[in-house]
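> Just one file: my_file_2.cif, with mmCIF, C-alpha atoms.
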data_run
#
loop_
_atom_site.label_atom_id
_atom_site.label_comp_id
_atom_site.auth_asym_id
_atom_site.auth_seq_id
_atom_site.Cartn_x
_atom_site.Cartn_y
_atom_site.Cartn_z
CA MET A 1 13.38 7.79 -34.38
CA LEU A 2 11.51 5.48 -36.75
CA GLU A 3 14.41 5.81 -39.20
CA PHE A 4 16.80 4.62 -36.50
CA PHE A 5 14.80 1.45 -35.85
CA LYS A 6 14.48 0.83 -39.58
CA ASP A 7 18.27 1.08 -39.97
CA LEU A 8 18.77 -1.21 -37.01
CA TRP A 9 16.47 -3.81 -38.52
CA LEU A 10 18.22 -3.60 -41.90
CA PHE A 11 21.57 -4.03 -40.14
CA MET A 12 20.37 -7.12 -38.27
CA ARG A 13 18.93 -8.61 -41.46
CA GLU A 14 22.02 -7.87 -43.53
CA ARG A 15 24.44 -9.29 -40.95
CA LYS A 16 22.01 -12.03 -39.86
CA LYS A 17 22.36 -10.92 -36.25
CA TYR A 18 18.79 -11.73 -35.27
CA TRP A 19 19.89 -12.47 -31.71
CA LEU A 20 20.11 -8.70 -31.24
CA ALA A 21 16.34 -8.38 -31.74
CA PRO A 22 15.22 -9.57 -28.27
CA ILE A 23 17.81 -7.32 -26.63
CA MET A 24 16.54 -4.27 -28.53
CA LEU A 25 12.93 -5.19 -27.89
CA VAL A 26 13.38 -5.70 -24.14
CA MET A 27 15.39 -2.50 -23.69
CA VAL A 28 12.81 -0.39 -25.57
CA LEU A 29 9.96 -2.02 -23.61
CA LEU A 30 11.73 -1.53 -20.29
CA GLY A 31 12.45 2.12 -21.04
CA ALA A 32 8.82 2.76 -21.96
CA LEU A 33 7.55 1.00 -18.83
CA ILE A 34 9.88 2.93 -16.54
CA VAL A 35 8.69 6.23 -18.04
CA LEU A 36 5.02 5.17 -17.79
CA ALA A 37 5.42 3.88 -14.23
CA GLU A 38 6.94 7.18 -13.10
CA GLY A 39 3.98 9.14 -14.39
CA SER A 40 1.17 6.85 -13.32
CA ALA A 41 -1.53 8.52 -11.27
CA LEU A 42 -2.32 5.15 -9.73
CA ALA A 43 1.09 4.68 -8.21
CA PRO A 44 0.28 6.05 -4.76
CA PHE A 45 -2.39 3.54 -3.94
CA ILE A 46 -0.89 0.27 -4.89
CA TYR A 47 2.03 -1.65 -3.61
CA THR A 48 2.48 -5.14 -4.96
CA LEU A 49 2.16 -7.49 -2.02
CA PHE A 50 3.09 -10.92 -3.31
CA MET B 1 30.96 -23.15 -46.74
CA PHE B 2 27.14 -23.46 -46.61
CA LYS B 3 25.68 -25.06 -43.50
CA SER B 4 22.97 -27.73 -43.84
CA ARG B 5 19.38 -26.62 -43.06
CA PRO B 6 19.02 -28.46 -39.70
CA LYS B 7 22.35 -27.07 -38.56
CA GLN B 8 21.24 -23.59 -39.58
CA LEU B 9 17.98 -23.96 -37.64
CA VAL B 10 19.87 -25.11 -34.54
CA LEU B 11 22.18 -22.12 -34.88
CA ILE B 12 19.25 -19.70 -35.14
CA ALA B 13 17.52 -21.31 -32.15
CA VAL B 14 20.66 -21.21 -30.00
CA SER B 15 21.50 -17.62 -30.93
CA SER B 16 17.88 -16.51 -30.30
CA LEU B 17 17.97 -18.19 -26.90
CA LEU B 18 21.27 -16.52 -26.07
CA GLY B 19 19.83 -13.22 -27.31
CA CYS B 20 16.82 -13.61 -25.00
CA LEU B 21 19.05 -14.47 -22.03
CA ALA B 22 21.31 -11.50 -22.77
CA ALA B 23 18.21 -9.26 -22.99
CA LEU B 24 16.95 -10.44 -19.59
CA PHE B 25 20.41 -10.02 -18.08
CA LEU B 26 20.66 -6.48 -19.46
CA ALA B 27 17.18 -5.61 -18.21
CA GLU B 28 17.98 -6.90 -14.72
CA THR B 29 21.28 -4.97 -14.66
CA SER B 30 19.58 -1.78 -15.89
CA LEU B 31 16.92 -1.98 -13.17
CA ARG B 32 19.62 -2.42 -10.51
CA LEU B 33 21.65 0.49 -11.91
CA LEU B 34 18.53 2.69 -12.03
CA GLY B 35 17.80 1.87 -8.39
CA VAL B 36 14.45 0.18 -9.09
CA THR B 37 13.92 -1.85 -5.92
CA SER B 38 11.72 -4.84 -5.27
CA LYS B 39 8.42 -4.11 -3.57
CA LEU B 40 7.67 -7.79 -3.05
CA VAL B 41 8.75 -7.82 0.56
CA TYR B 42 5.66 -9.27 2.27
CA SER B 43 4.99 -12.89 3.13
CA PRO B 44 1.48 -14.40 3.26
CA ASN B 45 0.05 -15.11 6.72
CA PRO B 46 -2.98 -17.41 7.01
CA TYR B 47 -4.42 -15.57 10.03
CA TYR B 48 -4.09 -11.88 9.22
CA GLY B 49 -3.28 -11.83 5.49
CA TRP B 50 0.41 -10.91 5.23
CA GLY B 51 3.25 -9.36 7.11
CA HIS B 52 6.97 -8.81 7.17
CA THR B 53 9.57 -11.49 7.71
CA ALA B 54 11.37 -11.19 11.04
CA GLY B 55 14.89 -9.83 10.63
CA ASP B 56 14.39 -8.99 6.93
CA LYS B 57 16.45 -6.24 5.33
CA PHE B 58 15.61 -4.64 1.98
CA PHE B 59 15.78 -1.45 -0.05
CA TRP B 60 12.75 0.74 -0.73
CA THR B 61 12.60 3.58 -3.26
CA THR B 62 10.25 6.53 -2.95
CA GLU B 63 10.44 9.29 -5.54
CA SER B 64 14.04 8.39 -6.49
CA ARG B 65 15.24 8.16 -2.87
CA GLU B 66 16.40 4.74 -1.76
CA LEU B 67 16.25 3.71 1.91
CA GLU B 68 17.49 0.58 3.59
CA ILE B 69 14.69 -0.91 5.70
CA GLN B 70 15.32 -3.19 8.64
CA ILE B 71 12.51 -5.37 10.00
CA ASN B 72 12.84 -6.21 13.68
CA ALA B 73 13.13 -9.64 15.29
CA LEU B 74 9.35 -9.87 15.73
CA GLY B 75 8.51 -8.89 12.14
CA LEU B 76 7.67 -5.21 12.63
CA ARG B 77 9.06 -2.16 10.81
CA ASP B 78 10.45 -0.86 14.08
CA SER B 79 13.40 -1.11 16.44
CA ASP B 80 13.42 -4.18 18.68
CA HIS B 81 10.70 -4.61 21.31
CA SER B 82 10.03 -7.58 23.53
CA TYR B 83 6.56 -9.02 24.05
CA GLU B 84 7.03 -8.48 27.77
CA LYS B 85 6.29 -4.92 28.85
CA PRO B 86 9.13 -3.39 30.86
CA GLU B 87 8.30 -2.41 34.45
CA GLY B 88 7.05 1.17 34.82
CA THR B 89 6.35 1.64 31.10
CA SER B 90 3.13 2.52 29.28
CA ARG B 91 2.75 1.01 25.84
CA ILE B 92 1.01 2.24 22.71
CA LEU B 93 0.56 -0.23 19.89
CA VAL B 94 0.09 1.45 16.51
CA LEU B 95 -2.00 -0.55 14.04
CA GLY B 96 -2.65 0.42 10.45
CA ASP B 97 -1.35 0.35 6.90
CA SER B 98 1.53 1.91 4.99
CA PHE B 99 1.12 5.27 6.78
CA PRO B 100 2.40 4.10 10.18
CA GLU B 101 4.62 1.50 8.48
CA ALA B 102 6.37 4.50 6.90
CA LEU B 103 8.73 2.77 4.47
CA GLN B 104 9.08 6.09 2.63
CA VAL B 105 11.05 7.75 5.44
CA ARG B 106 13.82 6.77 7.86
CA LEU B 107 12.60 4.92 10.95
CA GLU B 108 13.38 7.83 13.27
CA ASP B 109 11.38 10.22 11.04
CA GLY B 110 8.29 7.99 10.98
CA PHE B 111 5.03 8.65 12.82
CA SER B 112 5.57 6.14 15.66
CA LYS B 113 9.10 7.24 16.57
CA VAL B 114 8.20 10.94 16.47
CA LEU B 115 5.12 10.22 18.57
CA GLU B 116 7.19 8.30 21.11
CA LYS B 117 9.68 11.13 21.37
CA ALA B 118 6.94 13.75 21.78
CA LEU B 119 5.07 11.77 24.43
CA ASN B 120 8.19 11.18 26.51
CA VAL B 121 8.96 14.88 26.90
CA GLY B 122 8.30 15.56 30.59
CA ALA B 123 6.36 12.30 31.03
CA PRO B 124 6.38 10.86 34.57
CA LYS B 125 6.57 7.35 33.15
CA GLN B 126 8.40 5.89 30.12
CA ILE B 127 6.14 5.57 27.08
CA GLU B 128 6.95 3.00 24.41
CA VAL B 129 5.31 3.25 21.00
CA ILE B 130 5.32 0.05 18.93
CA ASN B 131 4.82 0.36 15.19
CA ALA B 132 2.81 -2.56 13.79
CA GLY B 133 1.76 -0.87 10.53
CA VAL B 134 1.82 -3.06 7.41
CA SER B 135 1.15 -1.90 3.84
CA GLY B 136 -2.27 -2.79 2.51
CA PHE B 137 -3.79 -3.53 5.89
CA GLY B 138 -7.46 -2.71 6.34
CA THR B 139 -9.21 -2.59 9.71
CA ASP B 140 -9.94 -6.30 9.25
CA ASN B 141 -6.22 -7.14 9.00
CA ALA B 142 -5.57 -4.89 12.01
CA LEU B 143 -8.20 -6.69 14.10
CA LEU B 144 -6.87 -10.12 13.11
CA PHE B 145 -3.30 -9.00 13.74
CA PHE B 146 -4.28 -7.75 17.18
CA THR B 147 -6.02 -10.97 18.17
CA HIS B 148 -3.05 -13.10 17.03
CA GLU B 149 -0.02 -11.00 17.66
CA GLY B 150 -0.72 -7.47 18.90
CA PHE B 151 -2.18 -8.38 22.29
CA LYS B 152 1.10 -10.12 23.21
CA TYR B 153 2.73 -6.71 23.66
CA SER B 154 0.25 -5.88 26.51
CA PRO B 155 -0.46 -2.37 25.22
CA ASP B 156 -2.25 0.22 27.35
CA ILE B 157 -3.51 2.04 24.28
CA VAL B 158 -4.12 0.63 20.82
CA LEU B 159 -3.90 3.38 18.24
CA LEU B 160 -5.56 2.52 14.96
CA THR B 161 -4.65 4.73 12.00
CA PHE B 162 -7.59 4.63 9.61
CA TYR B 163 -6.66 5.74 6.08
CA VAL B 164 -9.81 6.93 4.33
CA GLY B 165 -8.06 6.50 0.97
CA ASN B 166 -8.57 2.73 0.95
CA ASP B 167 -9.36 1.22 4.36
CA VAL B 168 -13.11 1.10 3.80
CA ARG B 169 -12.54 -0.77 0.54
CA ASN B 170 -9.98 -3.09 2.16
CA ASN B 171 -12.60 -4.13 4.73
CA TRP B 172 -15.19 -5.31 2.20
CA TYR B 173 -13.98 -8.27 0.15
CA PRO B 174 -16.04 -7.72 -3.06
CA LEU B 175 -14.40 -4.31 -3.45
CA ASP B 176 -11.02 -5.31 -2.14
CA GLU B 177 -10.76 -8.23 -4.52
CA LEU B 178 -11.32 -5.93 -7.49
CA ASP B 179 -7.91 -4.55 -6.59
CA SER B 180 -6.08 -7.70 -5.57
CA GLY B 181 -7.50 -9.68 -8.49
CA GLY B 182 -8.70 -12.44 -6.15
CA PRO B 183 -8.77 -13.57 -2.53
CA ARG B 184 -5.76 -12.52 -0.47
CA LYS B 185 -6.96 -12.78 3.14
CA PRO B 186 -9.80 -13.98 5.42
CA PHE B 187 -12.83 -11.67 5.25
CA TYR B 188 -15.62 -10.41 7.50
CA ALA B 189 -19.28 -10.22 6.57
CA ILE B 190 -22.43 -9.42 8.46
CA GLY B 191 -24.79 -12.38 8.84
CA PRO B 192 -27.89 -12.99 10.97
CA GLU B 193 -25.61 -13.45 13.97
CA GLY B 194 -23.68 -10.26 13.40
CA LEU B 195 -20.07 -10.03 12.24
CA THR B 196 -18.68 -13.36 11.05
CA LEU B 197 -15.22 -14.34 9.88
CA HIS B 198 -14.92 -16.39 6.68
CA ARG B 199 -12.20 -18.17 4.71
CA TYR B 200 -10.19 -18.52 7.88
CA PRO B 201 -7.36 -19.45 8.07
CA PHE B 202 -6.60 -18.46 4.50
CA VAL B 203 -3.91 -20.23 2.51
CA ARG B 204 -3.31 -18.36 -0.74
CA ASP B 205 -0.64 -20.44 -2.40
CA THR B 206 0.66 -23.90 -1.90
CA ALA B 207 3.93 -23.89 -0.02
CA TRP B 208 6.11 -24.35 -3.09
CA THR B 209 4.47 -21.71 -5.33
CA ALA B 210 4.62 -19.20 -2.46
CA SER B 211 8.30 -19.87 -1.89
CA VAL B 212 9.13 -19.70 -5.63
CA LYS B 213 7.32 -16.34 -5.89
CA ALA B 214 9.02 -15.06 -2.74
CA PHE B 215 12.42 -16.15 -4.08
CA LEU B 216 11.85 -14.48 -7.47
CA GLY B 217 10.49 -11.32 -5.81
CA ARG B 218 13.49 -11.03 -3.54
CA HIS B 219 16.24 -11.84 -6.03
CA LEU B 220 15.00 -10.73 -9.46
CA ARG B 221 14.18 -7.05 -9.79
CA LEU B 222 12.80 -7.73 -13.25
CA TYR B 223 10.17 -10.07 -11.78
CA ALA B 224 9.27 -7.61 -9.01
CA PHE B 225 9.14 -4.71 -11.48
CA SER B 226 6.89 -6.64 -13.89
CA ARG B 227 4.48 -7.55 -11.06
CA ASP B 228 4.39 -3.94 -9.95
CA ILE B 229 3.66 -2.69 -13.47
CA TRP B 230 1.01 -5.37 -13.98
CA ASN B 231 -0.76 -4.25 -10.82
CA ARG B 232 -0.63 -0.58 -11.73
CA PHE B 233 -2.19 -0.96 -15.14
CA ASP B 234 -4.54 -3.80 -14.40
CA PRO B 235 -7.92 -2.78 -15.89
CA ARG B 236 -9.68 -4.23 -12.85
CA LEU B 237 -8.47 -1.16 -10.95
CA PHE B 238 -11.07 0.89 -12.73
CA GLN B 239 -14.78 0.50 -12.46
CA ALA B 240 -17.63 2.38 -14.03
CA ALA B 241 -19.32 4.81 -11.72
CA GLY B 242 -23.09 4.84 -11.67
CA ASN B 243 -25.23 2.01 -12.98
CA ASP B 244 -24.29 -1.05 -15.01
CA ASP B 245 -25.77 0.13 -18.32
CA THR B 246 -23.00 1.71 -20.29
CA ASN B 247 -23.83 4.98 -21.93
CA GLU B 248 -21.92 8.02 -23.01
CA ASN B 249 -22.28 9.57 -19.56
CA ASP B 250 -20.47 6.71 -17.83
CA VAL B 251 -17.20 7.74 -16.25
CA GLU B 252 -14.22 5.52 -15.60
CA ILE B 253 -13.05 6.23 -12.09
CA PRO B 254 -10.25 4.66 -10.05
CA LEU B 255 -11.39 2.05 -7.58
CA ASP B 256 -11.19 4.01 -4.33
CA LEU B 257 -12.63 7.30 -5.50
CA PRO B 258 -16.39 6.49 -5.36
CA LEU B 259 -16.14 6.76 -1.56
CA PHE B 260 -15.57 10.48 -2.05
CA GLN B 261 -18.68 11.00 -4.17
CA ARG B 262 -21.56 12.88 -2.60
CA GLU B 263 -23.60 9.72 -3.07
CA PRO B 264 -21.33 6.65 -3.28
CA PRO B 265 -22.63 3.51 -5.03
CA LYS B 266 -24.45 0.83 -2.96
CA ASP B 267 -21.36 -1.38 -2.50
CA TRP B 268 -19.82 1.32 -0.36
CA ASP B 269 -22.76 1.26 2.09
CA ASP B 270 -22.05 -2.43 2.64
CA ALA B 271 -18.36 -1.64 3.05
CA TRP B 272 -19.16 0.98 5.71
CA GLN B 273 -21.48 -1.41 7.56
CA VAL B 274 -18.77 -4.06 7.78
CA THR B 275 -16.20 -1.42 8.72
CA ARG B 276 -18.38 -0.23 11.60
CA ALA B 277 -18.86 -3.80 12.85
CA ILE B 278 -15.10 -4.48 12.64
CA LEU B 279 -14.35 -1.30 14.59
CA ARG B 280 -16.84 -2.36 17.26
CA GLU B 281 -15.22 -5.79 17.45
CA LEU B 282 -11.73 -4.26 17.64
CA ARG B 283 -12.86 -1.99 20.48
CA SER B 284 -14.20 -5.04 22.40
CA GLU B 285 -11.05 -7.11 21.78
CA VAL B 286 -8.80 -4.26 22.86
CA LYS B 287 -10.91 -3.72 25.99
CA ARG B 288 -10.86 -7.46 26.76
CA HIS B 289 -7.07 -7.22 26.88
CA GLY B 290 -7.20 -4.29 29.30
CA ALA B 291 -6.36 -1.54 26.80
CA GLN B 292 -8.20 1.34 25.17
CA LEU B 293 -8.75 1.91 21.47
CA PHE B 294 -8.04 5.29 19.87
CA VAL B 295 -8.73 5.92 16.18
CA VAL B 296 -6.77 8.44 14.11
CA THR B 297 -8.32 9.31 10.76
CA VAL B 298 -5.61 9.69 8.12
CA PRO B 299 -6.67 11.86 5.17
CA THR B 300 -5.54 11.39 1.58
CA ALA B 301 -3.03 13.69 -0.10
CA PHE B 302 -5.68 15.03 -2.45
CA GLN B 303 -7.91 16.06 0.48
CA ILE B 304 -5.05 18.11 1.93
CA HIS B 305 -3.39 19.56 -1.16
CA PRO B 306 -5.79 20.99 -3.78
CA GLU B 307 -2.99 20.90 -6.37
CA ILE B 308 -2.86 17.09 -6.09
CA TRP B 309 -6.63 16.84 -6.56
CA ASP B 310 -6.40 19.15 -9.58
CA GLU B 311 -3.66 16.94 -10.99
CA ARG B 312 -5.92 13.89 -10.67
CA LEU B 313 -8.79 15.70 -12.36
CA SER B 314 -6.50 16.82 -15.17
CA ALA B 315 -5.28 13.25 -15.67
CA ASN B 316 -8.86 12.07 -16.13
CA ASP B 317 -11.06 14.90 -17.33
CA SER B 318 -14.27 12.88 -17.04
CA LEU B 319 -13.91 12.97 -13.24
CA ARG B 320 -15.01 16.60 -13.39
CA ARG B 321 -18.53 15.43 -14.26
CA ILE B 322 -18.92 13.74 -10.86
CA ASP B 323 -20.39 15.40 -7.79
CA TRP B 324 -17.62 15.13 -5.19
CA SER B 325 -17.75 15.67 -1.47
CA LEU B 326 -14.17 15.03 -0.40
CA ASP B 327 -14.75 15.34 3.35
CA ASN B 328 -17.59 12.80 3.41
CA PRO B 329 -15.62 9.70 4.54
CA ASN B 330 -13.95 11.57 7.40
CA GLU B 331 -17.23 13.01 8.64
CA TYR B 332 -18.90 9.62 8.47
CA LEU B 333 -16.04 7.88 10.30
CA SER B 334 -16.20 10.49 13.08
CA GLU B 335 -19.93 9.81 13.38
CA VAL B 336 -19.29 6.05 13.59
CA CYS B 337 -16.60 6.52 16.26
CA ASN B 338 -18.86 8.80 18.30
CA GLU B 339 -21.73 6.34 18.14
CA GLU B 340 -19.45 3.43 19.04
CA GLN B 341 -17.84 5.50 21.81
CA ILE B 342 -14.36 5.21 20.37
CA PRO B 343 -12.14 8.27 20.91
CA ASN B 344 -11.19 9.64 17.50
CA LEU B 345 -8.97 12.32 16.03
CA ASP B 346 -9.54 13.39 12.43
CA LEU B 347 -6.31 14.82 11.03
CA LEU B 348 -8.05 16.33 7.98
CA PRO B 349 -8.81 19.86 9.28
CA LEU B 350 -5.51 20.10 11.15
CA MET B 351 -3.35 19.00 8.22
CA ARG B 352 -5.31 21.06 5.74
CA SER B 353 -4.78 24.26 7.68
CA GLU B 354 -1.11 23.41 8.34
CA ALA B 355 -0.52 22.82 4.61
CA ARG B 356 -2.26 26.08 3.79
CA ASN B 357 -0.53 28.17 6.47
CA ALA B 358 2.95 26.71 6.16
CA ARG B 359 2.63 26.44 2.37
CA SER B 360 4.44 23.15 2.48
CA LEU B 361 3.72 19.66 1.24
CA LEU B 362 2.92 17.11 3.96
CA TYR B 363 2.81 14.26 1.42
CA PHE B 364 5.14 13.10 -1.32
CA PHE B 365 3.70 14.46 -4.53
CA ASN B 366 3.57 11.21 -6.51
CA ASP B 367 3.81 8.54 -3.84
CA ASN B 368 1.04 10.21 -1.81
CA HIS B 369 2.23 8.97 1.57
CA TRP B 370 3.35 11.37 4.28
CA ASN B 371 6.79 12.90 3.86
CA GLU B 372 8.90 13.74 6.94
CA ALA B 373 6.91 16.93 7.59
CA GLY B 374 3.64 14.96 7.36
CA HIS B 375 4.81 12.32 9.82
CA ARG B 376 6.07 14.96 12.23
CA PHE B 377 2.91 17.06 12.10
CA ALA B 378 0.56 14.05 12.42
CA ALA B 379 2.56 12.69 15.38
CA MET B 380 2.49 16.04 17.19
CA CYS B 381 -1.29 16.35 16.74
CA VAL B 382 -1.82 12.78 17.98
CA ALA B 383 0.52 13.30 20.95
CA GLU B 384 -1.59 16.24 22.05
CA ALA B 385 -4.85 14.33 21.61
CA LEU B 386 -3.51 11.30 23.49
CA SER B 387 -2.41 13.22 26.59
CA PRO B 388 -5.63 12.67 28.59
CA LEU B 389 -5.59 8.93 27.80
CA ILE B 390 -1.92 8.67 28.75
CA GLU B 391 -2.56 10.40 32.08
CA GLU B 392 -5.42 7.98 32.64
CA SER B 393 -3.15 5.00 31.93
CA HIS B 394 -0.45 6.42 34.24
CA GLY B 395 -3.05 6.61 36.97
CA ASN B 396 -3.87 2.89 36.61
#
Write out the structure in this file as structure tokens.

Amino acid sequence: MLEFFKDLWLFMRERKKYWLAPIMLVMVLLGALIVLAEGSALAPFIYTLF
Amino acid sequence: MFKSRPKQLVLIAVSSLLGCLAALFLAETSLRLLGVTSKLVYSPNPYYGWGHTAGDKFFWTTESRELEIQINALGLRDSDHSYEKPEGTSRILVLGDSFPEALQVRLEDGFSKVLEKALNVGAPKQIEVINAGVSGFGTDNALLFFTHEGFKYSPDIVLLTFYVGNDVRNNWYPLDELDSGGPRKPFYAIGPEGLTLHRYPFVRDTAWTASVKAFLGRHLRLYAFSRDIWNRFDPRLFQAAGNDDTNENDVEIPLDLPLFQREPPKDWDDAWQVTRAILRELRSEVKRHGAQLFVVTVPTAFQIHPEIWDERLSANDSLRRIDWSLDNPNEYLSEVCNEEQIPNLDLLPLMRSEARNARSLLYFFNDNHWNEAGHRFAAMCVAEALSPLIEESHGN
């Protein structure tokens, strides 16, 4: 997995496609949050109100 | 061939900005495709905290199942009712939190509708059950809602569902604000002259910030999702059990659990005192409007299903070091109701034995609200308990 991200970074640096970085970052973060939110023991008690 | 440095910087800035916008767009699209729905569906109310918007329609997801929710013309999660009571009808107004609100199930499978159906079987008079449950409501919200809105329905019986999982905390602002991260409603306290209402009416946001937040919550799932995540992992949701001096024996326990300790911390005594005074006040208000109060104690999922309690202990091993007495809040609430002469039904023993005998879940496993079976069973138990009161109201 780490190798994949390393390759991705090298690709972005080589091709100077830094604009891809925020997309990658947000997608990884979102995926992690969705997984964490599913498994949270706190979920039952809290609904965001406002 | 080679761009000048300022031009290059502008290019990097523009492409980064476009990258960020594309990332946000992708995130929003992913959340929509995954069926992550907005939970920011409540609007602030200066008199009773918050409520639904009349005529609102939104989607609600519970354990991967998405339901379309329709709010009625008077702002309740129910079919339409008029304030004016139809001739020859008895009315029951259901007050409470997310349990009667029942966003997790279809309207017709929710507690109030099943109760209405059960009560009308062979009844000499039409019985109308009005669902006024709103997520997050404590007994304080319920009392304020009744004095501003609920009484207009001219109910014969006011049925308060009291969820032991968080209603005691909701009623006492120092504990409640540990969860909400700050003031979110008026609050009650006990002063030399008894129960007094403070911070009333309560305006949380200025008009424009409230409407911007409401707009973002309704239209951007990314915003709603981020707020939801922030609330779930907010460190304020945990507090140290025991005294203030940290030592290796201190245990981090979720905010609502101390109530279930054999000896809850001092704050919870204050919360119970205020809760008792609010119940007394609600009983008087309901009586003043010619109705009778009935309290239904709603247990938590972990009180009913040992496997859910075990799961919570496994998730936080240090909880095993605490002396628990899970039935304590229910027993104490029954005592309070008896002393205040409020008819009360505790669903704990009934649901526990049903879950054991039928070997079925009455709650969603992760969401921890009633599933369809839970709503049905609770409504049938309450219908039976309400029969004498209904006959009494038919006689009047």
> Calculate how many Å separate atom CA of Val28 of chain A from atom CA of Asp7 of chain A, rounding to one decimal.
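Atom CA of Asp7 of chain A lies 15.5 Å from atom CA of Val28 of chain A.
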> Just say which residues the PyMOL selection byres ((chain B) within 9 of (chain A)) picks in this file, as a VMD selection string.
chain B and resid 12 14 to 24 26 to 27 30 to 31 39 to 44 50 63 135 to 136 165 to 166 179 to 180 210 213 to 214 217 224 227 to 229 231 to 233 237 254 256 311 to 312 315 366 to 369
> Care to translate the PyMOL selection byres ((chain B and resi 318) around 9) into actual residues of this file, as a ChimeraX atom specification?
/B:250-253,313-314,316-317,319-322
> Measure the distance from atom CA of Glu339 of chain B to atom CA of Gly150 of chain B in Å and round it to one decimal.
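That distance, rounded to one decimal, is 25.2 Å.
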> State, in Å with one decimal place, the distance from atom CA of Trp324 of chain B to atom CA of Phe260 of chain B.
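About the pair atom CA of Trp324 of chain B and atom CA of Phe260 of chain B: they are 6.0 Å apart.
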> Which is closest to His198 of chain B among B:Trp172, B:Trp230, B:Ala54, B:Gln126, if we use only C-alpha atoms?
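Between B:Trp172, B:Trp230, B:Ala54, B:Gln126, the residue approaching His198 of chain B most closely is B:Trp172.
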> Go through the shown structure with the PyMOL selection byres ((chain B and resi 330-333) around 12) and write out the matching residues as JSON, numbers by chain.
{"B": [161, 162, 163, 164, 165, 167, 168, 259, 260, 262, 269, 272, 273, 275, 276, 279, 295, 296, 297, 298, 299, 300, 303, 325, 326, 327, 328, 329, 334, 335, 336, 337, 338, 339, 340, 341, 342, 343, 344, 345, 346, 347, 348, 349]}
> Keeping only C-alpha atoms, take the residues you just selected and write them out as a PDB file, in the coordinates of the input.

ATOM      1  CA  THR B 161      -4.650   4.730  12.000  1.00  0.00           C
ATOM      2  CA  PHE B 162      -7.590   4.630   9.610  1.00  0.00           C
ATOM      3  CA  TYR B 163      -6.660   5.740   6.080  1.00  0.00           C
ATOM      4  CA  VAL B 164      -9.810   6.930   4.330  1.00  0.00           C
ATOM      5  CA  GLY B 165      -8.060   6.500   0.970  1.00  0.00           C
ATOM      6  CA  ASP B 167      -9.360   1.220   4.360  1.00  0.00           C
ATOM      7  CA  VAL B 168     -13.110   1.100   3.800  1.00  0.00           C
ATOM      8  CA  LEU B 259     -16.140   6.760  -1.560  1.00  0.00           C
ATOM      9  CA  PHE B 260     -15.570  10.480  -2.050  1.00  0.00           C
ATOM     10  CA  ARG B 262     -21.560  12.880  -2.600  1.00  0.00           C
ATOM     11  CA  ASP B 269     -22.760   1.260   2.090  1.00  0.00           C
ATOM     12  CA  TRP B 272     -19.160   0.980   5.710  1.00  0.00           C
ATOM     13  CA  GLN B 273     -21.480  -1.410   7.560  1.00  0.00           C
ATOM     14  CA  THR B 275     -16.200  -1.420   8.720  1.00  0.00           C
ATOM     15  CA  ARG B 276     -18.380  -0.230  11.600  1.00  0.00           C
ATOM     16  CA  LEU B 279     -14.350  -1.300  14.590  1.00  0.00           C
ATOM     17  CA  VAL B 295      -8.730   5.920  16.180  1.00  0.00           C
ATOM     18  CA  VAL B 296      -6.770   8.440  14.110  1.00  0.00           C
ATOM     19  CA  THR B 297      -8.320   9.310  10.760  1.00  0.00           C
ATOM     20  CA  VAL B 298      -5.610   9.690   8.120  1.00  0.00           C
ATOM     21  CA  PRO B 299      -6.670  11.860   5.170  1.00  0.00           C
ATOM     22  CA  THR B 300      -5.540  11.390   1.580  1.00  0.00           C
ATOM     23  CA  GLN B 303      -7.910  16.060   0.480  1.00  0.00           C
ATOM     24  CA  SER B 325     -17.750  15.670  -1.470  1.00  0.00           C
ATOM     25  CA  LEU B 326     -14.170  15.030  -0.400  1.00  0.00           C
ATOM     26  CA  ASP B 327     -14.750  15.340   3.350  1.00  0.00           C
ATOM     27  CA  ASN B 328     -17.590  12.800   3.410  1.00  0.00           C
ATOM     28  CA  PRO B 329     -15.620   9.700   4.540  1.00  0.00           C
ATOM     29  CA  SER B 334     -16.200  10.490  13.080  1.00  0.00           C
ATOM     30  CA  GLU B 335     -19.930   9.810  13.380  1.00  0.00           C
ATOM     31  CA  VAL B 336     -19.290   6.050  13.590  1.00  0.00           C
ATOM     32  CA  CYS B 337     -16.600   6.520  16.260  1.00  0.00           C
ATOM     33  CA  ASN B 338     -18.860   8.800  18.300  1.00  0.00           C
ATOM     34  CA  GLU B 339     -21.730   6.340  18.140  1.00  0.00           C
ATOM     35  CA  GLU B 340     -19.450   3.430  19.040  1.00  0.00           C
ATOM     36  CA  GLN B 341     -17.840   5.500  21.810  1.00  0.00           C
ATOM     37  CA  ILE B 342     -14.360   5.210  20.370  1.00  0.00           C
ATOM     38  CA  PRO B 343     -12.140   8.270  20.910  1.00  0.00           C
ATOM     39  CA  ASN B 344     -11.190   9.640  17.500  1.00  0.00           C
ATOM     40  CA  LEU B 345      -8.970  12.320  16.030  1.00  0.00           C
ATOM     41  CA  ASP B 346      -9.540  13.390  12.430  1.00  0.00           C
ATOM     42  CA  LEU B 347      -6.310  14.820  11.030  1.00  0.00           C
ATOM     43  CA  LEU B 348      -8.050  16.330   7.980  1.00  0.00           C
ATOM     44  CA  PRO B 349      -8.810  19.860   9.280  1.00  0.00           C
TER      45      PRO B 349
END
> Counting all atoms listed in the file, I want the residues whose atoms come within 9 Å of (-15.3, -17.7, 10.7) in the file frame, returned as JSON, numbers by chain.
{"B": [186, 187, 188, 196, 197, 198, 199, 200, 201]}
> Taking all atoms listed in the file into account, name the residue in B:Tyr48, B:Phe294, B:Phe302, B:Phe111 that is nearest to Arg184 of chain B.
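Closest to Arg184 of chain B of all the choices is B:Tyr48.
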